[in-house]
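Working notes, beginning with the structure itself.
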Amino acid sequence: MRLYLLPLSTRRTLLYAQRLNVVTPSQDLSYLDRGTAFAAKTWANWEKQESGWKRKVVDYGNHAFRRIPYEEWGLKSVPPLSSRRRAEEADRREDVQLLYPQSVIPKDKAEGILHTLATERQALHRKKLMWCVIGMPITIPFALVPVIPNLPFFYLVYRAWSHWRAIAGGKHIQWLLEKKLVQPSPSKILDQLYATHAAPPEEPFNKERTLLTQKEVQTFSSTLDIPALEIELERAIWQVEQSLQDPKQETPKDTAAGAADEKKGDTTAPTERKDENKKDQ
């Protein structure tokens, strides 16, 4: 596994975990993994429909997925820490690379930012998970509707699974940090990408500014050779842009990205951004 810290703005950073050379035989997959794979295959088939209720479900679903906070998607990219994976990582003692642009994130801030991203939303995910489980029985009467599946129930199941995966991903990161298995590694490739494509505009001091826009998404994913990163960056950048355009929506008060503002002399560790807890499921 390889971890990436990708600053989106001067106060926000996307965490992404790239799984390396993972080939798991189908017979070794857990029931949860098999269920996840089946759901993904079913959704992909529904996306091929040109019309009908399946097509409408997909359209509304993708619209809802885009609004799931990018922090949650980032934690979900980190695989859960199973007993087997815990033993393998502890026995091999192979450090997990943490790649980041040193021109944007100071070297002494990288691990602190990773710890913040892994822990700051844990309480929120537990709370949301609980409410999803409580809401599932309430949706049972919708099963009486003919032809169409019980969509509210399946939505709550998905959101419960999503919150659980975010919690598990955060715990995995915390375990790696506790065991000192994370190796911060400044990336020259990321430095070049940010220098070429993400020069921030001049704005007043202490005002949050974006570091990436949609036009850089494909370049980043192709240069890093991570096709799956394209959708993650596109969604995260869209959410940050929407947040900055809406004056009623609060923005992080501290520089969670460890970005340009910190390089002007701020050496304090990033703190938790409690205002993110107000986001929707």
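Chains: A, B, ... in order of the structure tokens. Residues: from 1 per chain. Ligands: from 1, in order shown.
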Residues of region 113-201 of chain A within 10 Å of region 100-104 of chain A: nearest atom pair and distance (Å, one decimal) for each, counting only C-alpha atoms, sorted by chain and number, as a tab-separated table?
```
residue	atom	partner	partner_atom	distance
A:Pro184	CA	A:Tyr100	CA	7.8
A:Ser185	CA	A:Tyr100	CA	6.8
A:Pro186	CA	A:Tyr100	CA	5.3
A:Ser187	CA	A:Pro101	CA	5.5
A:Lys188	CA	A:Pro101	CA	7.1
A:Ile189	CA	A:Pro101	CA	8.0
A:Leu190	CA	A:Pro101	CA	5.1
A:Asp191	CA	A:Pro101	CA	4.8
A:Gln192	CA	A:Pro101	CA	8.5
A:Leu193	CA	A:Pro101	CA	8.8
A:Tyr194	CA	A:Pro101	CA	7.5
A:Ala195	CA	A:Ser103	CA	8.2
```
Selection export as a PDB file, in the first residue's frame, atoms kept: C-alpha atoms:
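The result, stored in part.pdb:
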```pdb
ATOM      1  CA  PRO A 184       7.154  10.196   4.776  1.00  0.00           C
ATOM      2  CA  SER A 185       8.642  10.515   1.291  1.00  0.00           C
ATOM      3  CA  PRO A 186       8.662  13.882  -0.502  1.00  0.00           C
ATOM      4  CA  SER A 187       7.708  13.324  -4.129  1.00  0.00           C
ATOM      5  CA  LYS A 188       9.514  15.217  -6.877  1.00  0.00           C
ATOM      6  CA  ILE A 189       6.776  14.207  -9.312  1.00  0.00           C
ATOM      7  CA  LEU A 190       4.110  15.803  -7.117  1.00  0.00           C
ATOM      8  CA  ASP A 191       6.289  18.894  -6.669  1.00  0.00           C
ATOM      9  CA  GLN A 192       6.535  19.215 -10.441  1.00  0.00           C
ATOM     10  CA  LEU A 193       2.791  18.717 -10.887  1.00  0.00           C
ATOM     11  CA  TYR A 194       1.922  21.359  -8.318  1.00  0.00           C
ATOM     12  CA  ALA A 195       4.545  23.775  -9.655  1.00  0.00           C
TER      13      ALA A 195
END
```
Worksheet item: With only C-alpha atoms as the basis for distance, which of A:Ala143, A:Val182, A:Phe153, A:Gly74 is at the shortest distance from Leu99 (chain A)?
Response: A:Val182
Worksheet item: Mind pulling up the distance from CA of Ala17 (chain A) to CA of Leu181 (chain A)?
Response: 14.6 Å
Worksheet item: What is the CA of Leu233 (chain A) to CA of His63 (chain A) distance in Å?
Response: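 That distance, rounded to one decimal, is 16.0 Å.
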Residue set, region 131-213 of chain A restricted to alpha helix (DSSP H), as a short mmCIF file (atom, residue, chain, number, x, y, z; two decimals) with N, CA, C and O atoms, in the first residue's frame:
```cif
data_model
loop_
_atom_site.label_atom_id
_atom_site.label_comp_id
_atom_site.auth_asym_id
_atom_site.auth_seq_id
_atom_site.Cartn_x
_atom_site.Cartn_y
_atom_site.Cartn_z
N TRP A 131 -27.12 5.76 13.33
CA TRP A 131 -28.41 6.21 12.83
C TRP A 131 -28.85 5.44 11.58
O TRP A 131 -30.05 5.21 11.37
N CYS A 132 -27.89 5.02 10.75
CA CYS A 132 -28.24 4.20 9.59
C CYS A 132 -28.81 2.86 10.02
O CYS A 132 -29.81 2.38 9.47
N VAL A 133 -28.19 2.25 11.02
CA VAL A 133 -28.67 0.97 11.53
C VAL A 133 -30.05 1.12 12.16
O VAL A 133 -30.95 0.28 11.95
N ILE A 134 -30.26 2.21 12.90
CA ILE A 134 -31.57 2.45 13.51
C ILE A 134 -32.64 2.66 12.45
O ILE A 134 -33.79 2.23 12.59
N GLY A 135 -32.26 3.31 11.34
CA GLY A 135 -33.24 3.62 10.30
C GLY A 135 -33.61 2.45 9.42
O GLY A 135 -34.67 2.47 8.76
N LEU A 151 -35.43 0.63 -2.07
CA LEU A 151 -34.27 1.51 -2.27
C LEU A 151 -33.84 2.22 -0.99
O LEU A 151 -32.63 2.34 -0.72
N PRO A 152 -34.78 2.74 -0.16
CA PRO A 152 -34.33 3.38 1.09
C PRO A 152 -33.52 2.45 1.98
O PRO A 152 -32.54 2.86 2.58
N PHE A 153 -33.95 1.19 2.05
CA PHE A 153 -33.22 0.22 2.87
C PHE A 153 -31.80 0.01 2.33
O PHE A 153 -30.82 0.04 3.09
N PHE A 154 -31.69 -0.22 1.02
CA PHE A 154 -30.38 -0.46 0.44
C PHE A 154 -29.48 0.77 0.54
O PHE A 154 -28.26 0.64 0.68
N TYR A 155 -30.08 1.96 0.48
CA TYR A 155 -29.27 3.17 0.65
C TYR A 155 -28.68 3.23 2.06
O TYR A 155 -27.49 3.54 2.23
N LEU A 156 -29.51 2.94 3.06
CA LEU A 156 -29.01 2.96 4.44
C LEU A 156 -27.97 1.87 4.66
O LEU A 156 -27.00 2.07 5.41
N VAL A 157 -28.16 0.72 4.02
CA VAL A 157 -27.14 -0.34 4.13
C VAL A 157 -25.82 0.15 3.55
O VAL A 157 -24.75 -0.05 4.14
N TYR A 158 -25.90 0.78 2.38
CA TYR A 158 -24.67 1.28 1.75
C TYR A 158 -24.00 2.34 2.62
O TYR A 158 -22.78 2.31 2.81
N ARG A 159 -24.79 3.26 3.16
CA ARG A 159 -24.19 4.33 3.97
C ARG A 159 -23.61 3.76 5.26
O ARG A 159 -22.56 4.22 5.72
N ALA A 160 -24.25 2.75 5.83
CA ALA A 160 -23.69 2.11 7.03
C ALA A 160 -22.36 1.45 6.70
O ALA A 160 -21.38 1.58 7.45
N TRP A 161 -22.32 0.74 5.58
CA TRP A 161 -21.06 0.11 5.15
C TRP A 161 -20.00 1.17 4.88
O TRP A 161 -18.83 1.00 5.25
N SER A 162 -20.40 2.27 4.25
CA SER A 162 -19.45 3.33 3.93
C SER A 162 -18.84 3.94 5.19
O SER A 162 -17.63 4.18 5.27
N HIS A 163 -19.68 4.20 6.19
CA HIS A 163 -19.17 4.75 7.45
C HIS A 163 -18.26 3.74 8.15
O HIS A 163 -17.23 4.12 8.73
N TRP A 164 -18.64 2.46 8.09
CA TRP A 164 -17.79 1.43 8.71
C TRP A 164 -16.43 1.36 8.03
O TRP A 164 -15.39 1.26 8.69
N ARG A 165 -16.41 1.44 6.69
CA ARG A 165 -15.15 1.40 5.97
C ARG A 165 -14.28 2.61 6.30
O ARG A 165 -13.05 2.51 6.41
N ALA A 166 -14.90 3.78 6.46
CA ALA A 166 -14.14 4.97 6.83
C ALA A 166 -13.54 4.82 8.22
O ALA A 166 -12.38 5.20 8.46
N ILE A 167 -14.32 4.27 9.15
CA ILE A 167 -13.80 4.02 10.50
C ILE A 167 -12.63 3.04 10.45
O ILE A 167 -11.59 3.25 11.08
N ALA A 168 -12.81 1.95 9.70
CA ALA A 168 -11.76 0.93 9.59
C ALA A 168 -10.51 1.49 8.94
O ALA A 168 -9.38 1.18 9.36
N GLY A 169 -10.68 2.32 7.90
CA GLY A 169 -9.53 2.92 7.25
C GLY A 169 -8.76 3.84 8.18
O GLY A 169 -7.53 3.84 8.21
N GLY A 170 -9.50 4.62 8.97
CA GLY A 170 -8.85 5.50 9.93
C GLY A 170 -8.08 4.73 10.99
O GLY A 170 -6.97 5.11 11.38
N LYS A 171 -8.65 3.62 11.45
CA LYS A 171 -7.97 2.79 12.45
C LYS A 171 -6.70 2.17 11.88
O LYS A 171 -5.69 2.04 12.59
N HIS A 172 -6.75 1.79 10.61
CA HIS A 172 -5.56 1.23 9.96
C HIS A 172 -4.43 2.26 9.93
O HIS A 172 -3.27 1.94 10.24
N ILE A 173 -4.77 3.48 9.55
CA ILE A 173 -3.76 4.55 9.51
C ILE A 173 -3.19 4.79 10.91
O ILE A 173 -1.97 4.93 11.08
N GLN A 174 -4.06 4.84 11.92
CA GLN A 174 -3.58 5.05 13.29
C GLN A 174 -2.64 3.95 13.72
O GLN A 174 -1.62 4.20 14.38
N TRP A 175 -2.96 2.71 13.36
CA TRP A 175 -2.10 1.58 13.73
C TRP A 175 -0.73 1.69 13.06
O TRP A 175 0.31 1.45 13.69
N LEU A 176 -0.73 2.08 11.79
CA LEU A 176 0.54 2.25 11.08
C LEU A 176 1.39 3.34 11.73
O LEU A 176 2.62 3.19 11.87
N LEU A 177 0.75 4.42 12.14
CA LEU A 177 1.49 5.50 12.79
C LEU A 177 2.02 5.07 14.16
O LEU A 177 3.15 5.41 14.53
N GLU A 178 1.20 4.34 14.90
CA GLU A 178 1.63 3.88 16.23
C GLU A 178 2.82 2.93 16.13
O GLU A 178 3.72 2.96 16.97
N LYS A 188 9.12 14.23 -5.88
CA LYS A 188 9.51 15.22 -6.88
C LYS A 188 8.46 15.32 -7.98
O LYS A 188 8.24 16.40 -8.54
N ILE A 189 7.82 14.19 -8.28
CA ILE A 189 6.78 14.21 -9.31
C ILE A 189 5.62 15.10 -8.88
O ILE A 189 5.11 15.92 -9.65
N LEU A 190 5.20 14.96 -7.62
CA LEU A 190 4.11 15.80 -7.12
C LEU A 190 4.54 17.27 -7.07
O LEU A 190 3.75 18.17 -7.37
N ASP A 191 5.79 17.51 -6.68
CA ASP A 191 6.29 18.89 -6.67
C ASP A 191 6.21 19.50 -8.06
O ASP A 191 5.80 20.66 -8.23
N GLN A 192 6.59 18.72 -9.07
CA GLN A 192 6.53 19.22 -10.44
C GLN A 192 5.10 19.47 -10.89
O GLN A 192 4.81 20.45 -11.56
N LEU A 193 4.20 18.56 -10.51
CA LEU A 193 2.79 18.72 -10.89
C LEU A 193 2.20 19.98 -10.26
O LEU A 193 1.49 20.74 -10.93
N TYR A 194 2.47 20.19 -8.99
CA TYR A 194 1.92 21.36 -8.32
C TYR A 194 2.58 22.65 -8.83
O TYR A 194 1.93 23.68 -8.94
N ALA A 195 3.87 22.58 -9.14
CA ALA A 195 4.55 23.77 -9.66
C ALA A 195 4.04 24.15 -11.04
O ALA A 195 3.92 25.33 -11.38
N THR A 196 3.72 23.13 -11.85
CA THR A 196 3.31 23.37 -13.24
C THR A 196 1.84 23.68 -13.37
O THR A 196 1.44 24.58 -14.12
N HIS A 197 1.02 22.96 -12.61
CA HIS A 197 -0.42 23.03 -12.83
C HIS A 197 -1.21 23.68 -11.70
O HIS A 197 -2.39 23.94 -11.87
#
```
Item to complete: Step one, run DSSP on the backbone; step two, keep only residues of region 93-161 of chain A assigned to strand (DSSP E or B); then write them as a PyMOL selection string.
Response: chain A and resi 96-100
